[in-house]
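Colleague: Handing over work_28.pdb, PDB, C-alpha atoms.
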```pdb
ATOM      1  CA  MET A   1      95.023 160.259 -27.189
ATOM      2  CA  SER A   2      97.110 163.317 -27.814
ATOM      3  CA  GLU A   3      96.348 165.971 -30.405
ATOM      4  CA  PHE A   4      99.448 164.821 -32.266
ATOM      5  CA  LEU A   5      98.156 161.298 -32.796
ATOM      6  CA  ARG A   6      94.731 162.622 -33.623
ATOM      7  CA  GLU A   7      96.268 164.491 -36.540
ATOM      8  CA  TYR A   8      97.555 161.188 -37.852
ATOM      9  CA  LEU A   9      93.965 159.955 -38.101
ATOM     10  CA  LEU A  10      93.715 162.431 -40.974
ATOM     11  CA  VAL A  11      96.657 160.658 -42.631
ATOM     12  CA  LEU A  12      94.819 157.378 -42.154
ATOM     13  CA  LEU A  13      91.663 158.902 -43.614
ATOM     14  CA  PHE A  14      93.578 160.052 -46.712
ATOM     15  CA  GLY A  15      95.150 156.612 -47.097
ATOM     16  CA  LEU A  16      91.783 154.858 -46.870
ATOM     17  CA  LEU A  17      90.299 157.375 -49.323
ATOM     18  CA  ALA A  18      93.119 156.738 -51.810
ATOM     19  CA  ILE A  19      92.679 152.967 -51.566
ATOM     20  CA  GLY A  20      88.898 153.371 -51.826
ATOM     21  CA  VAL A  21      88.991 155.605 -54.917
ATOM     22  CA  VAL A  22      91.517 153.412 -56.755
ATOM     23  CA  GLY A  23      89.609 150.263 -55.786
ATOM     24  CA  ALA A  24      86.285 151.746 -56.879
ATOM     25  CA  PHE A  25      87.602 152.854 -60.285
ATOM     26  CA  LEU A  26      89.455 149.610 -60.997
ATOM     27  CA  GLY A  27      86.464 147.570 -59.794
ATOM     28  CA  LEU A  28      84.059 149.573 -61.932
ATOM     29  CA  ALA A  29      86.350 149.190 -64.957
ATOM     30  CA  SER A  30      86.595 145.432 -64.496
ATOM     31  CA  LEU A  31      82.794 145.215 -64.273
ATOM     32  CA  LEU A  32      82.226 147.227 -67.441
ATOM     33  CA  ARG A  33      84.978 146.039 -69.789
ATOM     34  CA  PRO A  34      84.826 142.826 -71.818
ATOM     35  CA  ASP A  35      87.344 140.198 -70.724
ATOM     36  CA  ARG A  36      88.576 137.974 -73.558
ATOM     37  CA  PRO A  37      92.282 137.255 -72.969
ATOM     38  CA  THR A  38      94.404 135.664 -75.687
ATOM     39  CA  ALA A  39      98.063 134.634 -75.578
ATOM     40  CA  GLY A  40      99.088 137.809 -77.426
ATOM     41  CA  LYS A  41      97.119 140.121 -75.149
ATOM     42  CA  VAL A  42      98.549 138.817 -71.871
ATOM     43  CA  THR A  43     102.177 139.128 -73.020
ATOM     44  CA  ASN A  44     104.234 141.525 -70.885
ATOM     45  CA  TYR A  45     104.679 144.934 -72.449
ATOM     46  CA  GLU A  46     108.321 145.597 -73.189
ATOM     47  CA  SER A  47     108.686 148.794 -75.250
ATOM     48  CA  GLY A  48     106.463 147.386 -77.987
ATOM     49  CA  VAL A  49     108.708 144.444 -78.883
ATOM     50  CA  ASP A  50     108.296 140.819 -77.874
ATOM     51  CA  PRO A  51     109.883 140.224 -74.459
ATOM     52  CA  VAL A  52     113.140 138.286 -74.495
ATOM     53  CA  GLY A  53     114.048 135.783 -71.804
ATOM     54  CA  ASP A  54     112.645 135.421 -68.331
ATOM     55  CA  GLY A  55     111.619 138.200 -65.949
ATOM     56  CA  TRP A  56     113.580 136.490 -63.177
ATOM     57  CA  SER A  57     117.019 137.207 -64.546
ATOM     58  CA  GLN A  58     120.307 138.356 -63.085
ATOM     59  CA  SER A  59     121.043 142.048 -63.531
ATOM     60  CA  GLN A  60     124.344 143.749 -64.201
ATOM     61  CA  ILE A  61     126.641 144.673 -61.315
ATOM     62  CA  ARG A  62     126.880 148.205 -62.749
ATOM     63  CA  TYR A  63     123.376 148.992 -61.479
ATOM     64  CA  TYR A  64     124.699 148.479 -57.941
ATOM     65  CA  ILE A  65     126.766 151.681 -58.155
ATOM     66  CA  PHE A  66     123.648 153.725 -58.813
ATOM     67  CA  ALA A  67     121.768 152.028 -55.971
ATOM     68  CA  LEU A  68     124.621 152.777 -53.589
ATOM     69  CA  LEU A  69     124.940 156.374 -54.788
ATOM     70  CA  PHE A  70     121.219 156.737 -54.079
ATOM     71  CA  VAL A  71     121.716 155.381 -50.547
ATOM     72  CA  MET A  72     124.608 157.797 -49.919
ATOM     73  CA  PHE A  73     122.777 160.918 -50.968
ATOM     74  CA  ASP A  74     119.563 159.760 -49.329
ATOM     75  CA  VAL A  75     121.376 159.528 -45.992
ATOM     76  CA  GLU A  76     122.913 162.937 -46.684
ATOM     77  CA  ALA A  77     119.439 164.422 -47.257
ATOM     78  CA  VAL A  78     118.176 162.891 -43.999
ATOM     79  CA  PHE A  79     120.918 164.733 -42.102
ATOM     80  CA  ILE A  80     120.509 167.985 -44.002
ATOM     81  CA  PHE A  81     116.831 168.349 -43.004
ATOM     82  CA  PRO A  82     117.383 168.660 -39.205
ATOM     83  CA  TRP A  83     120.531 170.721 -39.819
ATOM     84  CA  ALA A  84     118.564 173.182 -41.959
ATOM     85  CA  THR A  85     116.021 173.769 -39.191
ATOM     86  CA  ARG A  86     118.772 174.941 -36.807
ATOM     87  CA  LEU A  87     121.341 176.445 -39.170
ATOM     88  CA  GLU A  88     120.911 179.975 -37.826
ATOM     89  CA  GLU A  89     121.815 178.771 -34.329
ATOM     90  CA  TYR A  90     124.956 176.957 -35.447
ATOM     91  CA  GLY A  91     126.346 179.729 -37.650
ATOM     92  CA  TYR A  92     129.704 179.057 -39.304
ATOM     93  CA  PHE A  93     130.349 175.990 -37.136
ATOM     94  CA  GLY A  94     127.335 174.191 -38.593
ATOM     95  CA  LEU A  95     128.171 175.334 -42.099
ATOM     96  CA  VAL A  96     131.738 174.005 -41.871
ATOM     97  CA  GLU A  97     130.566 170.690 -40.395
ATOM     98  CA  MET A  98     128.067 170.149 -43.182
ATOM     99  CA  VAL A  99     130.539 171.198 -45.881
ATOM    100  CA  ILE A 100     133.030 168.613 -44.555
ATOM    101  CA  PHE A 101     130.285 165.955 -44.569
ATOM    102  CA  ILE A 102     129.183 166.760 -48.116
ATOM    103  CA  PHE A 103     132.787 167.073 -49.305
ATOM    104  CA  ILE A 104     133.659 163.563 -48.088
ATOM    105  CA  LEU A 105     130.558 162.173 -49.827
ATOM    106  CA  ALA A 106     131.371 164.140 -52.990
ATOM    107  CA  LEU A 107     134.838 162.520 -52.961
ATOM    108  CA  GLY A 108     133.070 159.202 -53.484
ATOM    109  CA  LEU A 109     131.065 160.586 -56.392
ATOM    110  CA  ALA A 110     134.257 162.075 -57.902
ATOM    111  CA  TYR A 111     136.033 158.728 -57.508
ATOM    112  CA  ALA A 112     133.192 156.908 -59.269
ATOM    113  CA  TRP A 113     133.215 159.525 -62.016
ATOM    114  CA  ARG A 114     137.008 159.333 -62.394
ATOM    115  CA  LYS A 115     136.902 155.543 -62.667
ATOM    116  CA  GLY A 116     134.304 155.844 -65.416
ATOM    117  CA  VAL A 117     131.675 153.629 -63.784
ATOM    118  CA  LEU A 118     129.015 156.315 -64.257
ATOM    119  CA  ARG A 119     129.403 156.140 -68.027
ATOM    120  CA  TRP A 120     127.235 153.452 -69.582
ATOM    121  CA  SER A 121     129.550 151.965 -72.218
ATOM    122  CA  SER A 122     128.360 148.739 -73.757
TER     123      SER A 122
ATOM    124  CA  MET B   1      83.766 157.601 -36.383
ATOM    125  CA  ILE B   2      87.004 159.000 -37.757
ATOM    126  CA  VAL B   3      85.351 162.318 -38.576
ATOM    127  CA  ALA B   4      84.121 162.602 -34.986
ATOM    128  CA  LEU B   5      87.629 161.879 -33.747
ATOM    129  CA  LEU B   6      89.071 164.522 -36.053
ATOM    130  CA  ALA B   7      86.870 167.190 -34.480
ATOM    131  CA  GLN B   8      89.343 169.128 -32.364
ATOM    132  CA  GLY B   9      88.879 169.730 -28.674
ATOM    133  CA  THR B  10      86.496 166.904 -27.845
ATOM    134  CA  PRO B  11      87.669 165.076 -24.720
ATOM    135  CA  LEU B  12      88.521 161.583 -25.873
ATOM    136  CA  THR B  13      91.129 160.429 -23.388
ATOM    137  CA  GLU B  14      89.647 156.992 -22.618
ATOM    138  CA  THR B  15      88.404 156.212 -26.124
ATOM    139  CA  GLY B  16      91.487 157.775 -27.649
ATOM    140  CA  LEU B  17      93.805 155.641 -25.578
ATOM    141  CA  TRP B  18      91.834 152.579 -26.577
ATOM    142  CA  ILE B  19      92.064 153.534 -30.256
ATOM    143  CA  ALA B  20      95.808 154.167 -30.046
ATOM    144  CA  ASN B  21      96.284 150.772 -28.382
ATOM    145  CA  THR B  22      94.139 149.082 -31.027
ATOM    146  CA  PHE B  23      96.233 150.620 -33.787
ATOM    147  CA  PHE B  24      99.407 149.536 -32.041
ATOM    148  CA  TYR B  25      98.242 145.918 -31.811
ATOM    149  CA  LEU B  26      97.070 146.022 -35.436
ATOM    150  CA  ILE B  27     100.481 147.299 -36.606
ATOM    151  CA  ALA B  28     102.326 144.824 -34.381
ATOM    152  CA  PHE B  29     100.214 141.978 -35.789
ATOM    153  CA  VAL B  30     101.046 143.035 -39.356
ATOM    154  CA  ALA B  31     104.758 143.343 -38.495
ATOM    155  CA  VAL B  32     105.009 139.926 -36.826
ATOM    156  CA  GLY B  33     102.944 138.227 -39.541
ATOM    157  CA  ALA B  34     105.066 139.739 -42.332
ATOM    158  CA  ALA B  35     108.268 138.819 -40.467
ATOM    159  CA  LEU B  36     107.113 135.183 -40.205
ATOM    160  CA  LYS B  37     106.196 135.129 -43.903
ATOM    161  CA  MET B  38     109.569 136.671 -44.731
ATOM    162  CA  VAL B  39     111.562 133.841 -43.180
ATOM    163  CA  THR B  40     109.252 131.081 -44.442
ATOM    164  CA  THR B  41     108.710 132.148 -48.074
ATOM    165  CA  SER B  42     110.626 130.216 -50.723
ATOM    166  CA  ASN B  43     111.204 133.217 -53.009
ATOM    167  CA  VAL B  44     113.972 135.640 -52.028
ATOM    168  CA  VAL B  45     112.345 138.586 -53.797
ATOM    169  CA  HIS B  46     109.099 137.933 -51.919
ATOM    170  CA  ALA B  47     111.151 137.810 -48.719
ATOM    171  CA  ALA B  48     112.534 141.272 -49.564
ATOM    172  CA  LEU B  49     109.008 142.588 -50.156
ATOM    173  CA  TYR B  50     107.816 141.141 -46.845
ATOM    174  CA  LEU B  51     110.760 142.920 -45.216
ATOM    175  CA  LEU B  52     109.351 146.109 -46.738
ATOM    176  CA  VAL B  53     106.069 145.484 -44.898
ATOM    177  CA  VAL B  54     107.927 144.848 -41.624
ATOM    178  CA  LEU B  55     109.941 148.072 -41.963
ATOM    179  CA  SER B  56     106.785 150.082 -42.770
ATOM    180  CA  ALA B  57     105.086 148.700 -39.674
ATOM    181  CA  VAL B  58     108.115 149.707 -37.586
ATOM    182  CA  ALA B  59     107.833 153.227 -39.057
ATOM    183  CA  ALA B  60     104.167 153.294 -38.013
ATOM    184  CA  THR B  61     105.073 152.328 -34.432
ATOM    185  CA  TYR B  62     107.583 155.196 -34.405
ATOM    186  CA  VAL B  63     104.699 157.539 -35.228
ATOM    187  CA  ILE B  64     102.626 156.111 -32.361
ATOM    188  CA  LEU B  65     105.593 156.785 -30.049
ATOM    189  CA  GLY B  66     105.728 160.404 -31.251
ATOM    190  CA  ALA B  67     109.086 159.970 -32.990
ATOM    191  CA  GLU B  68     108.176 161.581 -36.293
ATOM    192  CA  PHE B  69     111.743 162.187 -37.416
ATOM    193  CA  ALA B  70     112.670 158.548 -36.817
ATOM    194  CA  ALA B  71     109.581 157.483 -38.772
ATOM    195  CA  VAL B  72     110.425 159.731 -41.739
ATOM    196  CA  THR B  73     114.042 158.547 -41.662
ATOM    197  CA  GLN B  74     112.816 154.950 -41.578
ATOM    198  CA  VAL B  75     110.688 155.555 -44.678
ATOM    199  CA  LEU B  76     113.353 157.529 -46.563
ATOM    200  CA  VAL B  77     116.408 155.431 -45.782
ATOM    201  CA  TYR B  78     115.150 151.931 -45.029
ATOM    202  CA  LEU B  79     112.053 151.690 -47.210
ATOM    203  CA  GLY B  80     113.570 153.770 -49.977
ATOM    204  CA  ALA B  81     117.294 153.305 -50.204
ATOM    205  CA  VAL B  82     118.162 150.155 -48.286
ATOM    206  CA  MET B  83     115.369 148.169 -49.930
ATOM    207  CA  VAL B  84     116.609 149.192 -53.391
ATOM    208  CA  LEU B  85     120.112 148.150 -52.383
ATOM    209  CA  LEU B  86     118.833 144.854 -50.974
ATOM    210  CA  LEU B  87     116.811 144.054 -54.098
ATOM    211  CA  PHE B  88     119.814 144.863 -56.298
ATOM    212  CA  GLY B  89     121.962 142.674 -54.080
ATOM    213  CA  VAL B  90     119.490 139.805 -54.484
ATOM    214  CA  MET B  91     119.311 140.335 -58.233
ATOM    215  CA  LEU B  92     123.093 140.454 -58.572
ATOM    216  CA  THR B  93     124.267 137.620 -56.401
ATOM    217  CA  ARG B  94     121.875 134.850 -57.344
ATOM    218  CA  ALA B  95     121.626 133.419 -60.818
ATOM    219  CA  LYS B  96     118.121 132.137 -60.121
ATOM    220  CA  ILE B  97     115.863 134.386 -58.108
ATOM    221  CA  GLY B  98     112.514 132.713 -58.651
ATOM    222  CA  ALA B  99     110.983 130.248 -56.206
ATOM    223  CA  GLU B 100     113.513 127.845 -54.763
ATOM    224  CA  ASP B 101     113.065 124.716 -52.748
ATOM    225  CA  ASP B 102     116.475 124.628 -51.119
ATOM    226  CA  LEU B 103     116.139 127.893 -49.202
ATOM    227  CA  ASP B 104     115.361 125.748 -46.184
ATOM    228  CA  HIS B 105     118.253 124.439 -44.177
ATOM    229  CA  GLU B 106     118.616 121.407 -41.933
ATOM    230  CA  GLN B 107     120.003 123.576 -39.133
ATOM    231  CA  ARG B 108     116.762 125.573 -38.894
ATOM    232  CA  TRP B 109     116.009 124.242 -35.408
ATOM    233  CA  ILE B 110     119.333 125.519 -34.090
ATOM    234  CA  GLY B 111     118.614 128.833 -35.827
ATOM    235  CA  GLY B 112     115.173 128.953 -34.215
ATOM    236  CA  LEU B 113     116.752 128.242 -30.827
ATOM    237  CA  VAL B 114     119.201 131.123 -31.299
ATOM    238  CA  ALA B 115     116.303 133.400 -32.323
ATOM    239  CA  VAL B 116     114.270 132.492 -29.230
ATOM    240  CA  GLY B 117     117.326 133.037 -27.025
ATOM    241  CA  MET B 118     117.901 136.440 -28.654
ATOM    242  CA  LEU B 119     114.233 137.343 -28.102
ATOM    243  CA  ALA B 120     114.497 136.340 -24.433
ATOM    244  CA  VAL B 121     117.639 138.427 -23.832
ATOM    245  CA  MET B 122     116.359 141.501 -25.667
ATOM    246  CA  GLY B 123     112.861 141.241 -24.212
ATOM    247  CA  TYR B 124     114.236 140.879 -20.687
ATOM    248  CA  SER B 125     116.588 143.845 -21.000
ATOM    249  CA  LEU B 126     113.882 146.052 -22.537
ATOM    250  CA  LEU B 127     111.332 145.134 -19.866
ATOM    251  CA  GLU B 128     113.945 145.588 -17.149
ATOM    252  CA  ALA B 129     114.878 149.056 -18.421
ATOM    253  CA  TYR B 130     111.546 150.460 -19.610
ATOM    254  CA  GLY B 131     108.925 148.011 -18.280
ATOM    255  CA  SER B 132     107.270 150.533 -15.987
ATOM    256  CA  THR B 133     107.600 153.561 -18.300
ATOM    257  CA  GLN B 134     104.302 154.866 -19.628
ATOM    258  CA  LEU B 135     103.606 157.166 -22.522
ATOM    259  CA  PRO B 136     102.166 160.490 -21.303
ATOM    260  CA  ALA B 137      98.486 161.018 -22.122
ATOM    261  CA  ASP B 138      99.158 164.409 -23.737
ATOM    262  CA  MET B 139     102.187 163.134 -25.624
ATOM    263  CA  GLN B 140     104.014 165.719 -27.718
ATOM    264  CA  PRO B 141     105.884 164.730 -30.858
ATOM    265  CA  GLN B 142     109.676 164.863 -30.767
ATOM    266  CA  ARG B 143     110.683 168.040 -32.591
ATOM    267  CA  VAL B 144     113.477 167.989 -35.170
ATOM    268  CA  GLY B 145     115.380 170.923 -33.611
ATOM    269  CA  PRO B 146     116.537 169.121 -30.421
ATOM    270  CA  ILE B 147     117.531 166.065 -32.484
ATOM    271  CA  SER B 148     119.650 168.336 -34.677
ATOM    272  CA  ASP B 149     121.230 169.907 -31.581
ATOM    273  CA  GLU B 150     122.198 166.429 -30.363
ATOM    274  CA  ILE B 151     123.682 165.451 -33.737
ATOM    275  CA  PHE B 152     125.696 168.674 -34.022
ATOM    276  CA  SER B 153     127.016 168.655 -30.459
ATOM    277  CA  THR B 154     127.222 165.249 -28.754
ATOM    278  CA  TYR B 155     127.280 163.089 -31.868
ATOM    279  CA  ILE B 156     129.324 165.279 -34.193
ATOM    280  CA  VAL B 157     132.187 162.779 -34.496
ATOM    281  CA  PRO B 158     129.928 159.791 -35.356
ATOM    282  CA  PHE B 159     128.161 162.080 -37.851
ATOM    283  CA  GLU B 160     131.405 162.860 -39.676
ATOM    284  CA  ALA B 161     132.551 159.243 -39.364
ATOM    285  CA  LEU B 162     129.319 158.218 -41.112
ATOM    286  CA  SER B 163     130.373 160.086 -44.233
ATOM    287  CA  VAL B 164     133.649 158.130 -44.273
ATOM    288  CA  LEU B 165     131.684 154.881 -43.868
ATOM    289  CA  LEU B 166     129.467 155.762 -46.838
ATOM    290  CA  LEU B 167     132.532 156.732 -48.843
ATOM    291  CA  ALA B 168     134.142 153.366 -48.076
ATOM    292  CA  ALA B 169     130.962 151.555 -49.174
ATOM    293  CA  LEU B 170     130.867 153.461 -52.467
ATOM    294  CA  ILE B 171     134.573 152.865 -53.187
ATOM    295  CA  GLY B 172     134.043 149.171 -52.492
ATOM    296  CA  ALA B 173     131.115 149.091 -54.951
ATOM    297  CA  VAL B 174     133.167 150.939 -57.583
ATOM    298  CA  VAL B 175     136.029 148.442 -57.219
ATOM    299  CA  VAL B 176     133.595 145.525 -57.605
ATOM    300  CA  ALA B 177     131.739 147.042 -60.553
ATOM    301  CA  ARG B 178     134.730 148.330 -62.509
ATOM    302  CA  ARG B 179     135.101 146.761 -65.921
ATOM    303  CA  ASP B 180     138.892 146.885 -66.320
TER     304      ASP B 180
END
```
Represent the structure contained in this file as structure tokens.
Modeller:
Amino acid sequence: MSEFLREYLLVLLFGLLAIGVVGAFLGLASLLRPDRPTAGKVTNYESGVDPVGDGWSQSQIRYYIFALLFVMFDVEAVFIFPWATRLEEYGYFGLVEMVIFIFILALGLAYAWRKGVLRWSS
Amino acid sequence: MIVALLAQGTPLTETGLWIANTFFYLIAFVAVGAALKMVTTSNVVHAALYLLVVLSAVAATYVILGAEFAAVTQVLVYLGAVMVLLLFGVMLTRAKIGAEDDLDHEQRWIGGLVAVGMLAVMGYSLLEAYGSTQLPADMQPQRVGPISDEIFSTYIVPFEALSVLLLAALIGAVVVARRD
């Protein structure tokens, strides 16, 4: 096994440690606490008021815009990271390329803004 | 055992190879099991969550292959963004997203046949192309710099075209979600 993969064993160790610590604390808590559920206690918490309707409900299409905006700028970030490691090599060429890329994506954001879908009017 | 493995410089080629293989089979088992559960579960949201497990396992295999950048991209884009989009899509398009009995279809055998045929074609072409390729024992991770050089030289046009694709997707979503 290469040194590179050996380093990932440390990642695995941290993951196992995290699961172990959380499991130990939650397990200890469930051993120590009294357990007397009533109908009121097991109700879902919804900002302190009684929950309305079913959890399995259809959501508004307006949320989709925000999900898609997140995807767009997530993909942008993924491309900016490798670009940033080599920016000094590329010089103005790399800068212009990235500005074009971000500009085209920002056009989408401007369009959404202009059409008013970012404003949450009820 | 893990602590001993973490100690740098100890020669572990045989054992190390065995451990890497074991992890690969473990991850592959999780991926295949979650994929089977994904297509057989009767709840679409559970199917989406099983897909999350499959995509995480694929990211882990990328790490074993030394492709760290691909693994990070997999986690950021697929596990983060695409899963959110998929869950929103599920929550938007179906009035009832709890357990359903009619997710099964009478044409499932034809679908299974197509899947097996696809597996045969892809498996054959992969084995034909890379069947005898072996990972080097002292495998180095793929650095981000060379990937960036490829994107900003050979693949510069697809890179810019990608921004137009994302723009088109967003404009489509805005048109669908507009209230007037």
Colleague: Which residues of chain A come within 8 Å of chain B, and what is each one's closest atom pair and distance in Å (one decimal), counting all atoms listed in the file, sorted by chain and residue number, as a Markdown table?
Modeller:
```
| residue | atom | partner | partner_atom | distance |
| --- | --- | --- | --- | --- |
| A:Met1 | CA | B:Gly16 | CA | 4.3 |
| A:Ser2 | CA | B:Asp138 | CA | 4.7 |
| A:Glu3 | CA | B:Asp138 | CA | 7.4 |
| A:Phe4 | CA | B:Gln140 | CA | 6.5 |
| A:Leu5 | CA | B:Ile64 | CA | 6.9 |
| A:Arg6 | CA | B:Leu6 | CA | 6.4 |
| A:Glu7 | CA | B:Leu6 | CA | 7.2 |
| A:Leu9 | CA | B:Leu6 | CA | 7.0 |
| A:Leu10 | CA | B:Leu6 | CA | 7.1 |
| A:Leu13 | CA | B:Ile2 | CA | 7.5 |
| A:Trp56 | CA | B:Ile97 | CA | 5.9 |
| A:Ser57 | CA | B:Lys96 | CA | 6.8 |
| A:Gln58 | CA | B:Met91 | CA | 5.3 |
| A:Ser59 | CA | B:Leu92 | CA | 5.6 |
| A:Gln60 | CA | B:Leu92 | CA | 6.6 |
| A:Ile61 | CA | B:Ala177 | CA | 5.7 |
| A:Arg62 | CA | B:Ala177 | CA | 5.5 |
| A:Tyr63 | CA | B:Phe88 | CA | 7.5 |
| A:Tyr64 | CA | B:Phe88 | CA | 6.3 |
| A:Ile65 | CA | B:Ala173 | CA | 6.0 |
| A:Ala67 | CA | B:Leu85 | CA | 5.5 |
| A:Leu68 | CA | B:Leu170 | CA | 6.4 |
| A:Leu69 | CA | B:Leu170 | CA | 7.0 |
| A:Phe70 | CA | B:Ala81 | CA | 6.5 |
| A:Val71 | CA | B:Ala81 | CA | 4.9 |
| A:Met72 | CA | B:Leu166 | CA | 6.1 |
| A:Asp74 | CA | B:Val77 | CA | 6.4 |
| A:Val75 | CA | B:Val77 | CA | 6.4 |
| A:Val78 | CA | B:Thr73 | CA | 6.4 |
| A:Pro82 | CA | B:Ser148 | CA | 5.1 |
| A:Trp83 | CA | B:Ser148 | CA | 5.7 |
| A:Thr85 | CA | B:Gly145 | CA | 6.3 |
| A:Arg86 | CA | B:Gly145 | CA | 6.2 |
| A:Gly94 | CA | B:Phe152 | CA | 7.3 |
| A:Glu97 | CA | B:Glu160 | CA | 7.9 |
| A:Ile100 | CA | B:Glu160 | CA | 7.7 |
| A:Phe101 | CA | B:Ser163 | CA | 5.9 |
| A:Ile102 | CA | B:Ser163 | CA | 7.8 |
| A:Ile104 | CA | B:Ser163 | CA | 6.1 |
| A:Leu105 | CA | B:Leu167 | CA | 5.9 |
| A:Leu107 | CA | B:Leu167 | CA | 7.5 |
| A:Gly108 | CA | B:Leu167 | CA | 5.3 |
| A:Tyr111 | CA | B:Ile171 | CA | 7.4 |
| A:Ala112 | CA | B:Val174 | CA | 6.2 |
| A:Lys115 | CA | B:Arg178 | CA | 7.5 |
| A:Val117 | CA | B:Arg178 | CA | 6.2 |
```
Colleague: Interatomic distance between CA of Ser56 in chain B and CA of Tyr8 in chain A?
Modeller: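 Distance reported for this atom pair: 15.3 Å.
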Colleague: How many Å lie between CA of Leu135 in chain B and CA of Ala67 in chain B, rounded to one decimal?
Modeller: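 That distance, rounded to one decimal, is 12.1 Å.
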Colleague: By how many Å are CA of Val30 in chain B and CA of Ile19 in chain A apart?
Modeller: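 Computing it gives 17.8 Å between the two atoms.
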